[in-house]
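Structure, as structure tokens:
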Protein chains: 2
Amino acid sequence: LTAPSDAARRADSTMLENLDLDLRMEKSAYREAMPRLRERLRDAQLAVRAARIPVVVLFEGWGTSGKGDSIASLVYPLDPRGFKVYTTRAPNEEERFRPFLWRFSTRLPARGDFSFFDRSWYRRLLEDRLDGHFDKDGAPAVAAEIREFERSLTDDGFVVIKFWLHISKEEQQKRLAGIEADRYERWRLTQPDWRRHRGYKKYGAAAEEMLALTSTADAPWHLVEATDRHFRRVKVFETVLAALHRALERGRGGDPGSGAGRAPARAAEPLDPDLRRRAENVAAAGPPTILDRADLTKRLERADYEKRLEKLQARLRDLALECYRQRVPAAILYEGWDAAGKGGNIKRLTQELDPRGYEVIPVAAPDATEKGHHHLWRFWRQLPKAGHLAIFDRTWYGRVLVERVEGFASEAEWRRAYQEINDFERHLTEFGTVVVKFWLHVSPEEQLRRFREREATPYKNHKITPEDWRNRLKWLEYRGAVAEMIERTSTKAAPWTIVEAEDKLWARVKALSTVVAALEDRLGA
Amino acid sequence: LTAPSDAARRADSTMLENLDLDLRMEKSAYREAMPRLRERLRDAQLAVRAARIPVVVLFEGWGTSGKGDSIASLVYPLDPRGFKVYTTRAPNEEERFRPFLWRFSTRLPARGDFSFFDRSWYRRLLEDRLDGHFDKDGAPAVAAEIREFERSLTDDGFVVIKFWLHISKEEQQKRLAGIEADRYERWRLTQPDWRRHRGYKKYGAAAEEMLALTSTADAPWHLVEATDRHFRRVKVFETVLAALHRALERGRGGDPGSGAGRAPARAAEPLDPDLRRRAENVAAAGPPTILDRADLTKRLERADYEKRLEKLQARLRDLALECYRQRVPAAILYEGWDAAGKGGNIKRLTQELDPRGYEVIPVAAPDATEKGHHHLWRFWRQLPKAGHLAIFDRTWYGRVLVERVEGFASEAEWRRAYQEINDFERHLTEFGTVVVKFWLHVSPEEQLRRFREREATPYKNHKITPEDWRNRLKWLEYRGAVAEMIERTSTKAAPWTIVEAEDKLWARVKALSTVVAALEDRLGA
């Protein structure tokens, strides 16, 4: 991976012309490099979350240059609860009636999270400019606005990583023609793709000017020679890693101008040894419930697991694409005991999906604004759009689980919630939404084993808190609440699936195959 | 105001046909009744806020039957910080890709607030049904969804008030023709208006069915004979008042099934007498600042005030309409000392405006979600749409006022905020937004007088808390912060106006005329 040497630059050639589009990476070298890069990015995500650094990664570049593929390869190793992917198209009416930065401002990541943009606010300096949406001399003013916007982000501790993916006109023509010839891919092509291709030179000139006007010290552009897929992916990974490490370094240095060095939201609370002892010995016996029917001895050998996983993930990828084409929305709900493996399960579910088509929504306790509204209000706001998958890590069932057991909801409130939720989900299914609901079930003994393992493993340590031990004390109460929930909200259109999660491999395959079956059923595929 | 007598009903006539459309109210009777109705509604708003009851008021009915006028007359006496008005048009793409209730669910009021809907989710059973958006036998299923949705609201303590405004086909024809003949009003007419008129019978039949399917015990329809404007307005007022009083009654009775009886968010904190004594005697002298230039002796006689107010309000109403037609957005910012009179000032600013064209946004301390984002993020989300006015009661300047003085922002953070805010406001003004910024200035002596008055007046008592006294202790620090803010953020495009607010009447007229001048300037009117 070397930059084009200075000697090769001619005075009369431009920034983009200077790129060496013949750069390539051998498949073998790529295969060797990638696992390590992924691991490093996963580690960086944990560090970024701990340091509460918000990260914006945006991709601009020629059509077919691999923006979507770059994002997909970056998010592959990431915890899907920590990022969102946004695809930028022409603004809709709501958006046109507001300043052009509005729709991006509202999509900025929270501290510790990532937002990936497939096209971005730079559209304003490319399409909008070429299409005459503002005075042709207006580019410098727009660029200034963008610089100020990014400056206010980087000043606040944001990492802003900007990529321009570059291919030649000939390469683009080859790719467009290839897609056009493929009857499964053809639908992806739109009118503007060829139009922009014909205007390659004009578009390129606008891009050059954009790059010159908006490459700043804190938010520089990274130009990527994108002819070779392997080369491109690796360069993107290394660039992102370098930027994150610089920010983490700064954070440790306690740069006073940056929000990145600030303390995490929640200071570690010491664990009362007495609480721990009592929670370890919690008696989990009680009247039999529907949960007892789960056969927790179910497990899968790793070889078998890997074979099935690969097949199911590929199948799900196709089905998700079909959902997009048929405009079918899906909501996948995860509930389960603490340490039952929700995060890892969701990770396997989403791993091979196009990140532009799904969203993972982690649900915590409602904040002050949310408490001021109906308990379903915050979920209404997060419903999947037709054609998209929303995966909820904890859900609206909090009302009849934690809020019931901990007394945050009155008895009248949680009692009527069963009906409210059934109604709410029926509104979803009648709209055509596929609703899949998982309860990840483990035995109290297995939970204890996992708690101890988390305590003993440094990088899992943050996942176990006194809160978890306190919840465990109430195992029996939760067990009753879970059983009642499953009994009262398993409807024909939105049934619960109890996932035996004593063995994580089994649980992942079961969840995946349940989602696959539900989508096949709905799509008639 | 009497309902049509049962004797007049014929077995073969329908609900709507039974309405006596000749009902009228004399102007003199109306003039006598209205002030009292307004006062009662204002009192009811205070009680509803204290009891934290969310209120939904929706209007359906024939085109030109007076839905907008009914809402305007209802909100006239209300504190604009406590309500929002939504106009329902055909769903846009974002909305079509989600269940039809989505866009309404996300617009539900917070506890203690009102949402008014000019057309509502019932559009689904009227336009959408007649236009064949779903299977023609699907109305009962849609109606069931709506009943369940409303049920989940009323169960949660919401008051849901539904109006059908009724006029005859002849009356509608007369009104449509009248609008068409008026060259200032003509633009309001759209193609569907006449089309729906020609289909009066079909539309009426759908409405009848809708009323029958969705009039429930907890959320009944109220049919209003809307031929006579006075009769209609008074009936609407009385209906709303009756519904609110019933809910308040229930709240006092502590109905266990209702969220309305719950305690308000903030329990009264006792006032430390020592704090009070120190705050009373706060020394407000200090180095001279730009604030000293304000001439606090300025005042207006009431007669003069009323004359000017009326004129300015009428002018602002025209200008706001012109903003709508020219798609010009405006942001009016209010900052000022505690008890400087922001609320009353905003009330006069908005009183005569079409409530569908403006929004008052009360700004409190950021909640947990907002704290997890860039400090401007929550304001980006609330920017006015082109053609609309957004009035902020406290603003993004909190960063350099309360957050600075109380230490909620680090010095580096509030220092760079001046530039961030200037950039942010320039983005707004470059988009075409009119930005007007008020600092309402009073002397510390006047503030003390008002604090004491609030303590002594039962219905103002809730407006004074120990927090206010604590803030007063820091008068000098705030004074310095205000002066620096005004000096550093008074830009050509978005200048500050210091409003001498020792006399409330003067302050209201000054703010109004400043807004009028700014809009005239922008609109070239």
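Just so we're on the same page: first chain in the structure tokens is A, next is B, and so on; residues restart at 1 for each chain, and ligands are numbered from 1 in the order they show up.
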Give me the residues of chain B that have any atom at most 6 Å from an atom of chain A; for each, the nearest atom pair and the distance in Å, rounded to one decimal. Use only C-alpha atoms, sort by chain and number, and format it as a Markdown table.
```
| residue | atom | partner | partner_atom | distance |
| --- | --- | --- | --- | --- |
| B:Phe97 | CA | A:Ala386 | CA | 4.8 |
| B:Arg98 | CA | A:Lys385 | CA | 5.4 |
| B:Pro99 | CA | A:Phe431 | CA | 5.5 |
| B:Thr106 | CA | A:Arg381 | CA | 5.8 |
| B:Ala110 | CA | A:His373 | CA | 4.9 |
| B:Arg111 | CA | A:Gly372 | CA | 5.5 |
| B:Ser152 | CA | A:Glu420 | CA | 5.9 |
| B:Gly257 | CA | A:Ala412 | CA | 5.8 |
| B:Asp367 | CA | A:Ala368 | CA | 5.9 |
| B:Ala368 | CA | A:Asp367 | CA | 5.9 |
| B:Gly372 | CA | A:Ala110 | CA | 5.3 |
| B:His373 | CA | A:Ala110 | CA | 4.9 |
| B:Arg381 | CA | A:Thr106 | CA | 5.9 |
| B:Lys385 | CA | A:Phe97 | CA | 5.3 |
| B:Ala386 | CA | A:Phe97 | CA | 4.7 |
| B:Ala412 | CA | A:Gly257 | CA | 5.7 |
| B:Glu420 | CA | A:Ser152 | CA | 6.0 |
| B:Phe431 | CA | A:Pro99 | CA | 5.5 |
```
Residue selection dump (N, CA and C atoms) as a compact mmCIF listing (two decimals), in the first residue's frame:
```
# COMPACT_ATOMS: atom_id res chain seq x y z
N PHE B 97 -44.39 4.44 3.63
CA PHE B 97 -43.61 3.23 3.85
C PHE B 97 -43.74 2.71 5.28
N ARG B 98 -44.68 3.26 6.01
CA ARG B 98 -44.91 2.78 7.39
C ARG B 98 -46.41 2.65 7.63
N PRO B 99 -46.80 1.94 8.71
CA PRO B 99 -48.24 1.81 8.99
C PRO B 99 -48.88 3.19 9.09
N THR B 106 -46.26 9.42 16.36
CA THR B 106 -45.07 10.18 16.74
C THR B 106 -45.41 11.64 17.04
N ALA B 110 -47.03 15.15 24.80
CA ALA B 110 -46.47 14.70 26.07
C ALA B 110 -47.51 14.96 27.17
N ARG B 111 -47.28 14.36 28.34
CA ARG B 111 -48.24 14.53 29.44
C ARG B 111 -48.39 16.00 29.83
N SER B 152 -55.76 2.57 23.51
CA SER B 152 -54.49 2.54 24.23
C SER B 152 -54.14 3.94 24.74
N GLY B 257 -57.29 3.03 36.92
CA GLY B 257 -56.97 2.62 35.55
C GLY B 257 -56.36 3.74 34.72
N ASP B 367 -32.18 16.24 28.00
CA ASP B 367 -32.37 14.96 28.68
C ASP B 367 -31.21 14.02 28.36
N ALA B 368 -31.28 12.79 28.84
CA ALA B 368 -30.13 11.88 28.73
C ALA B 368 -29.74 11.65 27.27
N GLY B 372 -26.20 12.92 25.15
CA GLY B 372 -25.32 12.00 24.44
C GLY B 372 -24.96 12.47 23.04
N HIS B 373 -25.46 13.64 22.66
CA HIS B 373 -25.20 14.15 21.32
C HIS B 373 -24.54 15.52 21.37
N ARG B 381 -33.01 19.27 15.17
CA ARG B 381 -34.23 18.48 15.02
C ARG B 381 -35.48 19.33 15.03
N LYS B 385 -39.65 24.37 9.27
CA LYS B 385 -39.80 24.02 7.87
C LYS B 385 -40.02 25.30 7.08
N ALA B 386 -39.60 25.31 5.84
CA ALA B 386 -39.81 26.51 5.02
C ALA B 386 -41.29 26.90 5.05
N ALA B 412 -13.67 25.35 27.69
CA ALA B 412 -13.36 25.18 26.25
C ALA B 412 -14.65 25.04 25.45
N GLU B 420 -19.51 28.36 17.02
CA GLU B 420 -20.42 27.31 16.54
C GLU B 420 -21.81 27.86 16.29
N PHE B 431 -29.89 29.75 4.22
CA PHE B 431 -31.00 28.98 3.65
C PHE B 431 -32.21 29.88 3.41
```
Per-residue nearest contacts of stretch 297-340 of chain B to stretch 183-207 of chain B (12 Å; only C-alpha atoms) as a Markdown table:
```
| residue | atom | partner | partner_atom | distance |
| --- | --- | --- | --- | --- |
| B:Asp318 | CA | B:Tyr184 | CA | 11.3 |
| B:Leu321 | CA | B:Tyr184 | CA | 11.2 |
| B:Glu322 | CA | B:Tyr184 | CA | 11.3 |
| B:Tyr324 | CA | B:Arg188 | CA | 11.6 |
| B:Arg325 | CA | B:Trp187 | CA | 9.5 |
```
Include N, CA and C atoms and write out the residues we just selected as a PDB file, in the first residue's frame.
```pdb
ATOM      1  N   ASP B 318     -50.697  38.753   8.421  1.00  0.00           N
ATOM      2  CA  ASP B 318     -50.526  38.828   6.964  1.00  0.00           C
ATOM      3  C   ASP B 318     -49.126  38.385   6.549  1.00  0.00           C
ATOM      4  N   LEU B 321     -48.603  34.667   6.694  1.00  0.00           N
ATOM      5  CA  LEU B 321     -49.240  34.032   5.546  1.00  0.00           C
ATOM      6  C   LEU B 321     -48.356  34.185   4.305  1.00  0.00           C
ATOM      7  N   GLU B 322     -47.766  35.360   4.195  1.00  0.00           N
ATOM      8  CA  GLU B 322     -46.887  35.609   3.069  1.00  0.00           C
ATOM      9  C   GLU B 322     -45.627  34.727   3.168  1.00  0.00           C
ATOM     10  N   TYR B 324     -45.629  31.809   4.392  1.00  0.00           N
ATOM     11  CA  TYR B 324     -46.082  30.495   3.964  1.00  0.00           C
ATOM     12  C   TYR B 324     -46.112  30.405   2.444  1.00  0.00           C
ATOM     13  N   ARG B 325     -46.644  31.454   1.827  1.00  0.00           N
ATOM     14  CA  ARG B 325     -46.750  31.425   0.370  1.00  0.00           C
ATOM     15  C   ARG B 325     -45.395  31.480  -0.307  1.00  0.00           C
TER      16      ARG B 325
END
```
Do a neighbour search on A:Lys437 at 8 Å with only C-alpha atoms, toss out local chain neighbours closer than 5 positions, and write the hits as a PDB file with N, CA, C and O atoms, in the first residue's frame.
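What follows is the written file selection.pdb:
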```pdb
ATOM      1  N   ILE A 332     -37.580  -7.795  14.134  1.00  0.00           N
ATOM      2  CA  ILE A 332     -37.086  -8.975  14.837  1.00  0.00           C
ATOM      3  C   ILE A 332     -36.818  -8.560  16.276  1.00  0.00           C
ATOM      4  O   ILE A 332     -36.009  -7.648  16.507  1.00  0.00           O
ATOM      5  N   LEU A 333     -37.488  -9.206  17.205  1.00  0.00           N
ATOM      6  CA  LEU A 333     -37.413  -8.784  18.602  1.00  0.00           C
ATOM      7  C   LEU A 333     -36.590  -9.780  19.417  1.00  0.00           C
ATOM      8  O   LEU A 333     -36.862 -10.986  19.372  1.00  0.00           O
ATOM      9  N   TYR A 334     -35.648  -9.259  20.179  1.00  0.00           N
ATOM     10  CA  TYR A 334     -34.851 -10.108  21.062  1.00  0.00           C
ATOM     11  C   TYR A 334     -35.115  -9.756  22.521  1.00  0.00           C
ATOM     12  O   TYR A 334     -34.869  -8.630  22.951  1.00  0.00           O
ATOM     13  N   GLU A 335     -35.602 -10.735  23.267  1.00  0.00           N
ATOM     14  CA  GLU A 335     -35.645 -10.638  24.719  1.00  0.00           C
ATOM     15  C   GLU A 335     -34.941 -11.873  25.262  1.00  0.00           C
ATOM     16  O   GLU A 335     -34.769 -12.861  24.535  1.00  0.00           O
ATOM     17  N   ALA A 494     -47.957 -12.977  15.276  1.00  0.00           N
ATOM     18  CA  ALA A 494     -46.671 -12.583  15.880  1.00  0.00           C
ATOM     19  C   ALA A 494     -46.369 -13.494  17.068  1.00  0.00           C
ATOM     20  O   ALA A 494     -46.434 -13.085  18.216  1.00  0.00           O
ATOM     21  N   PRO A 495     -46.040 -14.749  16.771  1.00  0.00           N
ATOM     22  CA  PRO A 495     -45.817 -15.710  17.860  1.00  0.00           C
ATOM     23  C   PRO A 495     -44.431 -15.564  18.489  1.00  0.00           C
ATOM     24  O   PRO A 495     -43.503 -15.043  17.861  1.00  0.00           O
ATOM     25  N   TRP A 496     -44.297 -15.997  19.712  1.00  0.00           N
ATOM     26  CA  TRP A 496     -42.989 -16.061  20.360  1.00  0.00           C
ATOM     27  C   TRP A 496     -42.274 -17.342  19.943  1.00  0.00           C
ATOM     28  O   TRP A 496     -42.913 -18.390  19.767  1.00  0.00           O
ATOM     29  N   THR A 497     -40.975 -17.267  19.831  1.00  0.00           N
ATOM     30  CA  THR A 497     -40.146 -18.457  19.677  1.00  0.00           C
ATOM     31  C   THR A 497     -39.215 -18.523  20.883  1.00  0.00           C
ATOM     32  O   THR A 497     -38.461 -17.574  21.135  1.00  0.00           O
TER      33      THR A 497
END
```
>> Taking the DSSP secondary structure from the backbone, can you list the residues of stretch 170-261 of chain B that are strand (DSSP E or B), as number ranges by chain?
In response: B: 221-225
I need the chosen residues saved as an mmCIF file, in the first residue's frame, with all heavy atoms.
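Writing the result to out-v5.cif gives the following:
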```
data_model
loop_
_atom_site.group_PDB
_atom_site.id
_atom_site.type_symbol
_atom_site.label_atom_id
_atom_site.label_comp_id
_atom_site.auth_asym_id
_atom_site.auth_seq_id
_atom_site.Cartn_x
_atom_site.Cartn_y
_atom_site.Cartn_z
ATOM 1 N N TRP B 221 -67.446 10.503 19.058
ATOM 2 C CA TRP B 221 -67.482 11.612 18.107
ATOM 3 C C TRP B 221 -68.433 12.684 18.608
ATOM 4 O O TRP B 221 -69.477 12.383 19.188
ATOM 5 C CB TRP B 221 -67.973 11.124 16.745
ATOM 6 C CG TRP B 221 -66.896 10.488 15.930
ATOM 7 C CD1 TRP B 221 -66.667 9.153 15.796
ATOM 8 C CD2 TRP B 221 -65.909 11.155 15.145
ATOM 9 N NE1 TRP B 221 -65.581 8.939 14.977
ATOM 10 C CE2 TRP B 221 -65.093 10.168 14.565
ATOM 11 C CE3 TRP B 221 -65.617 12.496 14.882
ATOM 12 C CZ2 TRP B 221 -64.014 10.469 13.732
ATOM 13 C CZ3 TRP B 221 -64.543 12.799 14.063
ATOM 14 C CH2 TRP B 221 -63.760 11.798 13.495
ATOM 15 N N HIS B 222 -68.079 13.924 18.332
ATOM 16 C CA HIS B 222 -68.991 15.029 18.596
ATOM 17 C C HIS B 222 -69.356 15.646 17.264
ATOM 18 O O HIS B 222 -68.482 16.116 16.531
ATOM 19 C CB HIS B 222 -68.317 16.063 19.496
ATOM 20 C CG HIS B 222 -67.865 15.485 20.798
ATOM 21 N ND1 HIS B 222 -68.730 15.277 21.855
ATOM 22 C CD2 HIS B 222 -66.661 15.010 21.204
ATOM 23 C CE1 HIS B 222 -68.068 14.728 22.857
ATOM 24 N NE2 HIS B 222 -66.810 14.544 22.492
ATOM 25 N N LEU B 223 -70.633 15.618 16.945
ATOM 26 C CA LEU B 223 -71.090 16.187 15.678
ATOM 27 C C LEU B 223 -71.436 17.653 15.912
ATOM 28 O O LEU B 223 -72.121 17.979 16.881
ATOM 29 C CB LEU B 223 -72.318 15.430 15.175
ATOM 30 C CG LEU B 223 -72.182 13.901 15.154
ATOM 31 C CD1 LEU B 223 -73.445 13.276 14.567
ATOM 32 C CD2 LEU B 223 -70.952 13.482 14.384
ATOM 33 N N VAL B 224 -70.954 18.494 15.038
ATOM 34 C CA VAL B 224 -71.179 19.926 15.226
ATOM 35 C C VAL B 224 -71.873 20.495 14.002
ATOM 36 O O VAL B 224 -71.368 20.365 12.880
ATOM 37 C CB VAL B 224 -69.847 20.665 15.464
ATOM 38 C CG1 VAL B 224 -70.099 22.161 15.651
ATOM 39 C CG2 VAL B 224 -69.127 20.090 16.672
ATOM 40 N N GLU B 225 -73.013 21.141 14.227
ATOM 41 C CA GLU B 225 -73.726 21.824 13.156
ATOM 42 C C GLU B 225 -72.941 23.085 12.846
ATOM 43 O O GLU B 225 -72.868 23.992 13.673
ATOM 44 C CB GLU B 225 -75.145 22.173 13.612
ATOM 45 C CG GLU B 225 -75.957 20.963 14.091
ATOM 46 C CD GLU B 225 -75.673 20.548 15.544
ATOM 47 O OE1 GLU B 225 -74.728 21.076 16.148
ATOM 48 O OE2 GLU B 225 -76.403 19.693 16.063
#
```
> What lies within 12 Å of A:Pro355 using only C-alpha atoms, ignoring chain neighbours under 4 positions off, as an NGL selection string?
Replying inline: :A and (67-76 or 78 or 80 or 83-87 or 115-118 or 317 or 320-321 or 347 or 349-351 or 359-360 or 388-390)
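Reported to one decimal place, the separation of atom CA of A:Glu39 from atom CA of A:Thr227 is 25.3 Å.
Of note, atom CA of A:Gly524 and atom CA of A:Lys311 are spaced 19.1 Å apart.
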>> Residues within 12 Å of B:Ala33, please, as number ranges by chain. Count only C-alpha atoms; anything in the same chain fewer than 6 positions from it doesn't count.
In response: B: 1, 25-27, 39-40, 230-231, 233-235, 237-238
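Each of B:Ala90, B:Leu165, B:Met485, B:Ala525 was checked against B:His133 using only C-alpha atoms; the smallest atom-to-atom distance is that of B:Ala90.
Between atom CA of A:Ile391 and atom CA of A:Cys323 there is a distance of 14.5 Å.
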> What lies within 12 Å of B:Asp43 using only C-alpha atoms, ignoring chain neighbours under 4 positions off, as JSON, numbers by chain?
Replying inline: {"B": [36, 37, 38, 39, 47, 48, 49, 50, 77, 78, 79, 241, 244, 245, 248, 459, 460]}
Output all heavy atoms for every residue in that selection, as a short mmCIF file (atom, residue, chain, number, x, y, z; two decimals), in the first residue's frame.
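Final output, again.cif:
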```
data_model
loop_
_atom_site.label_atom_id
_atom_site.label_comp_id
_atom_site.auth_asym_id
_atom_site.auth_seq_id
_atom_site.Cartn_x
_atom_site.Cartn_y
_atom_site.Cartn_z
N ARG B 36 -65.80 34.37 28.66
CA ARG B 36 -65.88 33.43 29.78
C ARG B 36 -65.38 32.03 29.35
O ARG B 36 -64.68 31.35 30.07
CB ARG B 36 -67.34 33.38 30.25
CG ARG B 36 -67.63 32.41 31.35
CD ARG B 36 -67.22 32.93 32.72
NE ARG B 36 -67.31 31.83 33.68
CZ ARG B 36 -66.28 31.32 34.33
NH1 ARG B 36 -65.07 31.81 34.14
NH2 ARG B 36 -66.45 30.32 35.18
N LEU B 37 -65.74 31.63 28.15
CA LEU B 37 -65.29 30.33 27.65
C LEU B 37 -63.77 30.29 27.53
O LEU B 37 -63.12 29.31 27.87
CB LEU B 37 -65.92 30.02 26.29
CG LEU B 37 -67.41 29.69 26.31
CD1 LEU B 37 -67.96 29.62 24.89
CD2 LEU B 37 -67.66 28.37 27.04
N ARG B 38 -63.22 31.39 27.04
CA ARG B 38 -61.77 31.45 26.90
C ARG B 38 -61.08 31.37 28.24
O ARG B 38 -60.08 30.67 28.40
CB ARG B 38 -61.37 32.77 26.21
CG ARG B 38 -61.67 32.74 24.74
CD ARG B 38 -61.11 33.99 24.08
NE ARG B 38 -61.32 33.91 22.65
CZ ARG B 38 -61.54 34.96 21.86
NH1 ARG B 38 -61.55 36.19 22.38
NH2 ARG B 38 -61.72 34.81 20.58
N GLU B 39 -61.63 32.08 29.19
CA GLU B 39 -61.04 32.07 30.53
C GLU B 39 -61.08 30.66 31.11
O GLU B 39 -60.11 30.18 31.70
CB GLU B 39 -61.82 33.05 31.39
CG GLU B 39 -61.10 33.53 32.63
CD GLU B 39 -62.01 34.48 33.39
OE1 GLU B 39 -62.60 35.39 32.75
OE2 GLU B 39 -62.17 34.30 34.60
N ALA B 47 -54.85 23.38 34.79
CA ALA B 47 -55.19 22.20 35.58
C ALA B 47 -54.72 20.92 34.89
O ALA B 47 -54.21 20.00 35.53
CB ALA B 47 -56.70 22.16 35.81
N VAL B 48 -54.88 20.88 33.58
CA VAL B 48 -54.48 19.71 32.80
C VAL B 48 -52.96 19.54 32.86
O VAL B 48 -52.45 18.43 32.98
CB VAL B 48 -54.95 19.90 31.33
CG1 VAL B 48 -54.09 19.14 30.36
CG2 VAL B 48 -56.43 19.50 31.22
N ARG B 49 -52.25 20.64 32.84
CA ARG B 49 -50.79 20.56 32.93
C ARG B 49 -50.39 20.05 34.31
O ARG B 49 -49.53 19.18 34.43
CB ARG B 49 -50.17 21.91 32.65
CG ARG B 49 -48.65 21.87 32.83
CD ARG B 49 -47.99 23.12 32.36
NE ARG B 49 -48.18 23.30 30.92
CZ ARG B 49 -47.85 24.42 30.29
NH1 ARG B 49 -47.35 25.44 30.95
NH2 ARG B 49 -48.03 24.52 28.99
N ALA B 50 -51.03 20.59 35.33
CA ALA B 50 -50.68 20.16 36.69
C ALA B 50 -50.97 18.67 36.87
O ALA B 50 -50.21 17.95 37.53
CB ALA B 50 -51.45 20.98 37.71
N PRO B 77 -56.82 31.31 23.57
CA PRO B 77 -56.51 31.61 24.97
C PRO B 77 -55.39 30.75 25.56
O PRO B 77 -54.99 30.98 26.70
CB PRO B 77 -57.84 31.32 25.69
CG PRO B 77 -58.51 30.29 24.85
CD PRO B 77 -58.08 30.56 23.43
N LEU B 78 -54.87 29.78 24.83
CA LEU B 78 -53.93 28.82 25.43
C LEU B 78 -52.50 29.35 25.46
O LEU B 78 -52.11 30.14 24.61
CB LEU B 78 -53.97 27.50 24.66
CG LEU B 78 -55.28 26.73 24.67
CD1 LEU B 78 -55.12 25.42 23.89
CD2 LEU B 78 -55.73 26.43 26.10
N ASP B 79 -51.75 28.87 26.42
CA ASP B 79 -50.31 29.13 26.46
C ASP B 79 -49.68 28.36 25.30
O ASP B 79 -49.75 27.13 25.26
CB ASP B 79 -49.74 28.65 27.79
CG ASP B 79 -48.24 28.88 27.90
OD1 ASP B 79 -47.58 29.07 26.86
OD2 ASP B 79 -47.73 28.86 29.03
N LEU B 241 -64.36 21.77 26.91
CA LEU B 241 -64.35 22.04 28.35
C LEU B 241 -64.96 20.89 29.13
O LEU B 241 -64.43 20.45 30.15
CB LEU B 241 -65.10 23.35 28.65
CG LEU B 241 -64.30 24.61 28.34
CD1 LEU B 241 -65.20 25.84 28.37
CD2 LEU B 241 -63.15 24.76 29.33
N LEU B 244 -62.54 17.97 29.25
CA LEU B 244 -61.40 18.20 30.15
C LEU B 244 -61.84 18.12 31.61
O LEU B 244 -61.15 17.53 32.44
CB LEU B 244 -60.76 19.57 29.86
CG LEU B 244 -60.16 19.74 28.47
CD1 LEU B 244 -59.55 21.13 28.32
CD2 LEU B 244 -59.10 18.67 28.18
N HIS B 245 -62.99 18.68 31.90
CA HIS B 245 -63.45 18.64 33.29
C HIS B 245 -63.73 17.22 33.75
O HIS B 245 -63.42 16.84 34.88
CB HIS B 245 -64.67 19.55 33.47
CG HIS B 245 -64.30 21.00 33.37
ND1 HIS B 245 -65.14 21.96 32.89
CD2 HIS B 245 -63.13 21.64 33.67
CE1 HIS B 245 -64.52 23.14 32.90
NE2 HIS B 245 -63.30 22.96 33.37
N LEU B 248 -60.40 15.72 34.53
CA LEU B 248 -59.81 16.26 35.76
C LEU B 248 -60.53 15.67 36.97
O LEU B 248 -59.91 15.35 37.98
CB LEU B 248 -59.91 17.79 35.75
CG LEU B 248 -58.96 18.46 34.75
CD1 LEU B 248 -59.39 19.90 34.49
CD2 LEU B 248 -57.52 18.41 35.27
N TYR B 459 -52.47 31.59 41.47
CA TYR B 459 -52.36 30.90 40.18
C TYR B 459 -51.02 31.15 39.49
O TYR B 459 -50.71 30.56 38.46
CB TYR B 459 -53.55 31.22 39.26
CG TYR B 459 -53.52 32.57 38.61
CD1 TYR B 459 -52.98 32.73 37.34
CD2 TYR B 459 -54.02 33.69 39.26
CE1 TYR B 459 -52.96 33.97 36.74
CE2 TYR B 459 -54.00 34.93 38.67
CZ TYR B 459 -53.46 35.08 37.40
OH TYR B 459 -53.43 36.30 36.80
N LYS B 460 -50.20 32.06 40.08
CA LYS B 460 -48.86 32.24 39.55
C LYS B 460 -47.80 31.53 40.39
O LYS B 460 -46.62 31.52 40.07
CB LYS B 460 -48.51 33.73 39.49
CG LYS B 460 -49.25 34.48 38.40
CD LYS B 460 -48.74 35.91 38.29
CE LYS B 460 -49.38 36.61 37.10
NZ LYS B 460 -49.08 38.05 37.08
#
```
> Using only C-alpha atoms, which residues sit within 9 Å of A:Ala483 once same-chain residues fewer than 3 positions away are excluded, as a ChimeraX atom specification?
Replying inline: /A:289-291,478-480,486-488
> Mind checking DSSP for stretch 107-200 of chain A and telling me the helix (DSSP H, G or I) residues as a PyMOL selection string?
Replying inline: chain A and resi 121-125+127-130+139-155+169-181+186-188+191-198+200
> From the list A:Arg308, A:Arg472, A:Lys492, A:His462, which residue is nearest A:Val436 when using only C-alpha atoms?
Replying inline: A:Lys492
